[in-house]
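Here is the structure we will look at.
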Amino acid sequence: MSRKITFKGGPLTLVGRALKTGRFAPNFRVISQDLKEVSYSDFKDKIKIISSFPSLDTPVCDLQVKEFNKRAARVSSDAIILGISKDLPFAQKRFCSINEIKNEVILSDYKFSSFGINFGLLIKELNLLARSVSIVDKNDSVRYIQIVEELINPPDYEDVLKNLDGVIKNPALP
């Protein structure tokens, strides 16, 4: 069964395994801004807020990264915010430098598409990532998933923060 989102009303297909709450988050490999391979397991023992977006060169994605970077200051030290796109690490590094993104770890899925496929967020027609936010607890259980149905819309930040608060209060399900 294919899953769909839209871009300006036109249908797009998400490929990969659909992420489900209550299940373990799958591993993935991405590239850091200094061109090193990073895997999901590098963030064990942390609550992970994983924000994905199509491209830093669009206004909504630009805002999404800046918004999570700003809100990160209020997040528990037990949590980490990961921003993932298929932008090249060079572009990500430039964006983070210009915009003083210091509270969010921005990573690239350009090389392996591992995150996109394993989290079911790879857009078949564009080879970009869907806009989404997931929260994974310290035991690697997926606690929250928000996939934005219309690609040009921002995520619901307040809903993310409300759910994050619940995970912080109860950081690991038995």
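Residue names in the structure tokens use chain letters A, B, ... in the order shown, residue numbers from 1 in each chain, and ligand numbers from 1 in the order shown.
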
With only C-alpha atoms as the counted atoms, please give the residues lying no more than 8 Å from A:Val133, apart from itself and same-chain residues fewer than 5 positions off, as a VMD selection string. chain A and resid 49 to 52 144 to 147 155 160

Applying 9 Å and only C-alpha atoms, which residues near A:Tyr157 remain after dropping the ones on its own chain fewer than 4 positions away? List them as a ChimeraX atom specification. /A:64,67-68,161-162

When DSSP is applied to the backbone of this structure, which of chain A are assigned strand (DSSP E)? Write them out as a PyMOL selection string. chain A and resi 3-7+10-15+29-31+37-39+47-52+79-85+105-108+122-123+128-129+132-136+142-147

With only C-alpha atoms as the counted atoms, please give the residues lying no more than 12 Å from A:Asp165, apart from itself and same-chain residues fewer than 2 positions off, as a PyMOL selection string. chain A and resi 47+49+74-76+78-79+135+137+143-144+158-163+167-171

Polymer residues at most 9 Å from A:Leu88, only C-alpha atoms, same-chain spacing of 3 or more positions, as JSON, numbers by chain: {"A": [31, 33, 85, 91, 92, 93, 107, 108, 109, 110, 111]}

Prev. selection, all heavy atoms, output as a compact mmCIF listing (two decimals), in the first residue's frame:
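For reference, result-v4.txt as written:
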# COMPACT_ATOMS: atom_id res chain seq x y z
N ILE A 31 25.05 11.61 6.80
CA ILE A 31 26.36 12.25 6.72
C ILE A 31 26.31 13.58 7.48
O ILE A 31 25.40 14.38 7.29
CB ILE A 31 26.78 12.47 5.25
CG1 ILE A 31 26.77 11.15 4.47
CG2 ILE A 31 28.14 13.15 5.17
CD1 ILE A 31 27.75 10.10 4.96
N GLN A 33 27.95 17.37 8.68
CA GLN A 33 28.44 18.52 7.93
C GLN A 33 29.95 18.45 7.67
O GLN A 33 30.46 19.10 6.77
CB GLN A 33 28.09 19.81 8.65
CG GLN A 33 26.60 20.05 8.67
CD GLN A 33 26.21 21.22 9.52
OE1 GLN A 33 26.97 22.17 9.67
NE2 GLN A 33 25.03 21.16 10.10
N SER A 85 17.81 16.28 6.04
CA SER A 85 17.33 16.55 4.68
C SER A 85 18.30 15.87 3.72
O SER A 85 19.30 15.28 4.14
CB SER A 85 17.29 18.05 4.41
OG SER A 85 18.60 18.58 4.29
N ALA A 91 26.05 22.61 1.89
CA ALA A 91 24.95 23.57 1.97
C ALA A 91 24.41 23.65 3.39
O ALA A 91 24.08 24.73 3.88
CB ALA A 91 23.84 23.17 0.99
N GLN A 92 24.33 22.51 4.06
CA GLN A 92 23.86 22.49 5.45
C GLN A 92 24.81 23.28 6.35
O GLN A 92 24.37 24.06 7.19
CB GLN A 92 23.72 21.05 5.95
CG GLN A 92 22.60 20.29 5.30
CD GLN A 92 22.51 18.87 5.78
OE1 GLN A 92 23.48 18.28 6.25
NE2 GLN A 92 21.33 18.28 5.66
N LYS A 93 26.09 23.07 6.15
CA LYS A 93 27.09 23.76 6.97
C LYS A 93 27.01 25.27 6.76
O LYS A 93 27.05 26.06 7.71
CB LYS A 93 28.49 23.24 6.64
CG LYS A 93 29.58 23.78 7.53
CD LYS A 93 30.89 23.08 7.25
CE LYS A 93 31.93 23.46 8.29
NZ LYS A 93 33.14 22.64 8.16
N LEU A 107 21.82 16.97 9.62
CA LEU A 107 22.47 15.85 8.96
C LEU A 107 21.91 15.65 7.56
O LEU A 107 20.77 16.04 7.28
CB LEU A 107 22.26 14.58 9.79
CG LEU A 107 22.81 14.65 11.22
CD1 LEU A 107 22.18 13.58 12.09
CD2 LEU A 107 24.32 14.55 11.21
N SER A 108 22.69 15.00 6.70
CA SER A 108 22.28 14.79 5.31
C SER A 108 22.05 13.32 4.99
O SER A 108 22.87 12.46 5.31
CB SER A 108 23.35 15.34 4.37
OG SER A 108 22.97 15.11 3.03
N ASP A 109 20.94 13.06 4.30
CA ASP A 109 20.57 11.72 3.85
C ASP A 109 20.88 11.56 2.36
O ASP A 109 20.39 10.64 1.72
CB ASP A 109 19.09 11.48 4.13
CG ASP A 109 18.68 10.02 4.13
OD1 ASP A 109 19.53 9.17 4.44
OD2 ASP A 109 17.51 9.73 3.83
N TYR A 110 21.69 12.46 1.80
CA TYR A 110 21.93 12.47 0.35
C TYR A 110 22.61 11.19 -0.15
O TYR A 110 22.33 10.73 -1.25
CB TYR A 110 22.77 13.69 -0.05
CG TYR A 110 24.26 13.47 0.00
CD1 TYR A 110 24.98 13.12 -1.13
CD2 TYR A 110 24.97 13.57 1.21
CE1 TYR A 110 26.35 12.90 -1.07
CE2 TYR A 110 26.32 13.35 1.26
CZ TYR A 110 27.01 13.01 0.12
OH TYR A 110 28.36 12.77 0.18
N LYS A 111 23.48 10.61 0.64
CA LYS A 111 24.34 9.53 0.16
C LYS A 111 23.66 8.16 0.16
O LYS A 111 23.77 7.40 -0.80
CB LYS A 111 25.61 9.48 1.01
CG LYS A 111 26.67 8.54 0.47
CD LYS A 111 27.96 8.71 1.23
CE LYS A 111 29.06 7.85 0.66
NZ LYS A 111 30.32 8.03 1.39
